[in-house]
Amino acid sequence: MKNKQVKLLKRLLETPSATGTEAAVAALVRTHAADAADEVDTDVMGSVHARLKGSGAGPSLMLSAHMDEIGLMVTYISDDGFLSVAAVGGVDAAILPGLRVDVHASNAFEPLRGVVGRKPIHLIEPDERKNVTPLDKLVIDLGLPAKKVKKLVRVGDVATFGVGFERFGANMAVSRAFDDKAGVWIGLRVLQRLAKGPRPTGDFVFAATVQEEIGVRGAETSAYSVRPDVGLAFDVTHATDYPGIDRTKHGKIVCGGGPVIARGPNINPEVFERLVAAAEAEGLPYQIEAEPGVTGTDARAIQMARGGIATGLVSVPLRYMHTPTEVVCLDDLDATVDLIVRFARDLDEGACFVPGMGGVATASDIEGEAGAESEAGPAGSETAAG
C-alpha cells in the first residue's frame, strides 16, 4: 500500500461518523471520488453515490460500504456537568471504563476530550469488581465546570472512541472504525482503478452508505434508487485466528489470508462463483465464510430491494470488532481491491444471475479470455500499484 493510500485510510478512519452523523466522511468521499467518477450525488439519507459509466451494455454493479461507526449519544447532563450516554450501534459496556472519548458537542468548534469514569478498585466492593458496569451507570467526565458543559453540549450530541490509526507488527494496523471505513477506502480505490481503464461493460456505482449499524438503512434506500443488476456489499468479518475463538462454530478466518467471500442464502450463487473465479484468475488468496442465515451487512438490504438483486458479500478479517482496537492486515485490503476490480471487469453482457441458469465462467475460462484480449489489444487488468 502506497503512502498516499495509507494517508487516505488514516484520514477516513479518524474522521468521526457515528451513525446518523456521517456528513464529514461523506464530504471526504465526494472529494476523492470527484476526479474519477462521471457523476457524484448524495441522497436525502446522506449516502454518496459515485457513478462510472460502462463501456457497453453489460450488467450494472453497485459496490456498497457503510460510512458510519458505532458511538455514544448524550442522553442527560447532570447538575455537576457529567454526561450520561446511550449506545449508538453495538457498543460493549465492558470496554468503556477508563476509555478516552471525543464528544462532538453542538456548540464547540473542536471535539471535547472526555473520559469514561469508573470508581477505582480501592473503592469497589470485592463482589462488585466481578461485574460489568451497565452503560446507563457510566458517565463521561469532560473536566470542565458544569456551567460550561451545559453551554457547549446538548442532549443528542454524539461521542466516538478517542483513538486513531497506527501501523504495527508485520503490515498490521489498528484503529477504531475499520468497521467499515476499510470498505469506504476499498470503494474509492476500486472506483479510481476502474476509471483508469479498461472500464467494465456496465455502469459501476460506489455507494458509501449510512446507518448500517442500526439496521442497514442507507443500503436499503441506495439499492432502491440505484437499482443495479448486481450488488456487492463490502464489510469486515470476524477473524478467528486469536485465542478464545471456537473455529468449529465460526470457521477459520485468518488475518493476512486474503479477502473473505461469503456463501449462503443471502448470497446469489452465481455472484459467489464469479467472485471465486475472479480471485483464482488473479492468483489472489481468498477465504470462504459460511453464512447460513441473513448477514448483518448491507447485503441483507441489497438482496431484497425492489424485485430482488443478485448480491454478493466480500469482507476482510477483523480482530476485536466494535472495540477501540480493531485490527486488520493491510495486505487483505489491497487484495480485496484487486478482487473487486477483476470481478467488475469480468461482468459480460450475457451474464445471467438466475440461480441454476447462469453458466458461470471458471477461472481458466476467464484467463483464456484475458489472454485473447491481450493479443488483440490492451490488457484486461492492472496491478495493485495502479
# chains A, B, ... in the order shown; residues from 1 in each chain; ligands from 1
>>> select_by_dssp(residues="stretch 107-251 of chain A", states="alpha helix (DSSP H)", output="MDAnalysis selection string")
chainID A and resid 146:152 178:196 217:226 247:250
>>> residues_around(residues="A:Arg199", least_positions_apart="5", cutoff="7 Å", atoms="only C-alpha atoms", output="list in words")
Gly54, Ser55, Leu194 and Arg345 of chain A
>>> write_last_selection(atoms="N, CA and C atoms", output="short mmCIF file (atom, residue, chain, number, x, y, z; two decimals), in the first residue's frame")
data_model
loop_
_atom_site.label_atom_id
_atom_site.label_comp_id
_atom_site.auth_asym_id
_atom_site.auth_seq_id
_atom_site.Cartn_x
_atom_site.Cartn_y
_atom_site.Cartn_z
N GLY A 54 -20.35 2.65 -17.93
CA GLY A 54 -19.74 1.48 -18.54
C GLY A 54 -19.41 1.69 -20.00
N SER A 55 -18.62 0.76 -20.54
CA SER A 55 -18.18 0.86 -21.94
C SER A 55 -19.13 0.17 -22.90
N LEU A 194 -10.93 1.44 -11.80
CA LEU A 194 -11.80 1.21 -12.95
C LEU A 194 -11.84 2.43 -13.87
N ARG A 345 -14.74 -6.15 -14.04
CA ARG A 345 -14.35 -6.20 -15.45
C ARG A 345 -14.79 -7.48 -16.14
#
>>> residues_around(residues="A:Asp334", least_positions_apart="2", cutoff="12 Å", atoms="only C-alpha atoms", output="PDB file with C-alpha atoms, in the first residue's frame")
ATOM      1  CA  MET A   1       0.000   0.000   0.000  1.00  0.00           C
ATOM      2  CA  LYS A   2       1.464   3.320  -1.078  1.00  0.00           C
ATOM      3  CA  GLN A   5      -3.191   5.496   0.224  1.00  0.00           C
ATOM      4  CA  VAL A   6      -2.241   4.886   3.852  1.00  0.00           C
ATOM      5  CA  LEU A   9      -7.134   5.350   5.009  1.00  0.00           C
ATOM      6  CA  ASN A 171       1.905  -4.969   7.953  1.00  0.00           C
ATOM      7  CA  ALA A 182     -11.882  -0.039   5.394  1.00  0.00           C
ATOM      8  CA  GLY A 183     -14.724  -0.611   2.951  1.00  0.00           C
ATOM      9  CA  TRP A 185     -11.305   3.116   1.305  1.00  0.00           C
ATOM     10  CA  ILE A 186     -11.706  -0.003  -0.860  1.00  0.00           C
ATOM     11  CA  GLY A 187     -14.678   1.503  -2.692  1.00  0.00           C
ATOM     12  CA  ARG A 189      -9.735   2.601  -4.741  1.00  0.00           C
ATOM     13  CA  VAL A 190     -11.910   0.357  -6.924  1.00  0.00           C
ATOM     14  CA  ARG A 193      -8.792   1.796 -10.709  1.00  0.00           C
ATOM     15  CA  GLY A 256      -3.444 -11.994   6.017  1.00  0.00           C
ATOM     16  CA  GLY A 257      -5.303 -14.874   4.357  1.00  0.00           C
ATOM     17  CA  GLY A 258      -6.940 -12.651   1.769  1.00  0.00           C
ATOM     18  CA  PRO A 259     -10.481 -11.391   1.203  1.00  0.00           C
ATOM     19  CA  LEU A 284      -5.236 -13.950  -5.152  1.00  0.00           C
ATOM     20  CA  PRO A 285      -5.502 -15.715  -1.804  1.00  0.00           C
ATOM     21  CA  VAL A 316     -11.718  -8.678   5.269  1.00  0.00           C
ATOM     22  CA  VAL A 328      -6.639  -5.733  10.103  1.00  0.00           C
ATOM     23  CA  CYS A 329      -3.847  -6.825   7.785  1.00  0.00           C
ATOM     24  CA  LEU A 330      -3.248  -4.153   5.152  1.00  0.00           C
ATOM     25  CA  ASP A 331      -2.396  -6.841   2.566  1.00  0.00           C
ATOM     26  CA  ASP A 332      -6.017  -8.032   2.770  1.00  0.00           C
ATOM     27  CA  THR A 336      -9.742  -7.040  -1.969  1.00  0.00           C
ATOM     28  CA  VAL A 337      -9.348  -4.097  -4.338  1.00  0.00           C
ATOM     29  CA  ASP A 338      -7.759  -6.431  -6.901  1.00  0.00           C
ATOM     30  CA  LEU A 339     -10.580  -8.955  -6.474  1.00  0.00           C
ATOM     31  CA  ILE A 340     -13.427  -6.487  -6.940  1.00  0.00           C
ATOM     32  CA  VAL A 341     -11.763  -4.767  -9.912  1.00  0.00           C
ATOM     33  CA  THR A 383      -1.536  -4.323 -10.959  1.00  0.00           C
ATOM     34  CA  ALA A 384      -2.316  -3.332  -7.387  1.00  0.00           C
ATOM     35  CA  ALA A 385       0.052  -0.387  -7.727  1.00  0.00           C
ATOM     36  CA  GLY A 386      -2.129   1.167 -10.445  1.00  0.00           C
TER      37      GLY A 386
END
>>> closest_residue(among="A:Val174, A:Val153, A:Ala344, A:Ala299", to="A:Ala277", atoms="only C-alpha atoms")
A:Ala344
>>> closest_atom_pairs(of="stretch 14-94 of chain A", to="stretch 99-111 of chain A", cutoff="10 Å", atoms="only C-alpha atoms", output="JSON lines")
{"residue": "A:Pro16", "atom": "CA", "partner": "A:His104", "partner_atom": "CA", "distance": 8.7}
{"residue": "A:Ala18", "atom": "CA", "partner": "A:His104", "partner_atom": "CA", "distance": 9.9}
{"residue": "A:Thr21", "atom": "CA", "partner": "A:His104", "partner_atom": "CA", "distance": 9.9}
{"residue": "A:Gly71", "atom": "CA", "partner": "A:Val101", "partner_atom": "CA", "distance": 9.4}
{"residue": "A:Leu72", "atom": "CA", "partner": "A:Val103", "partner_atom": "CA", "distance": 8.8}
{"residue": "A:Met73", "atom": "CA", "partner": "A:Val103", "partner_atom": "CA", "distance": 9.0}
{"residue": "A:Val74", "atom": "CA", "partner": "A:Val103", "partner_atom": "CA", "distance": 8.9}
{"residue": "A:Leu83", "atom": "CA", "partner": "A:Val103", "partner_atom": "CA", "distance": 9.9}
>>> closest_residue(among="A:Leu112, A:Leu12, A:Arg300, A:Gly215", to="A:Leu152", atoms="only C-alpha atoms")
A:Leu112
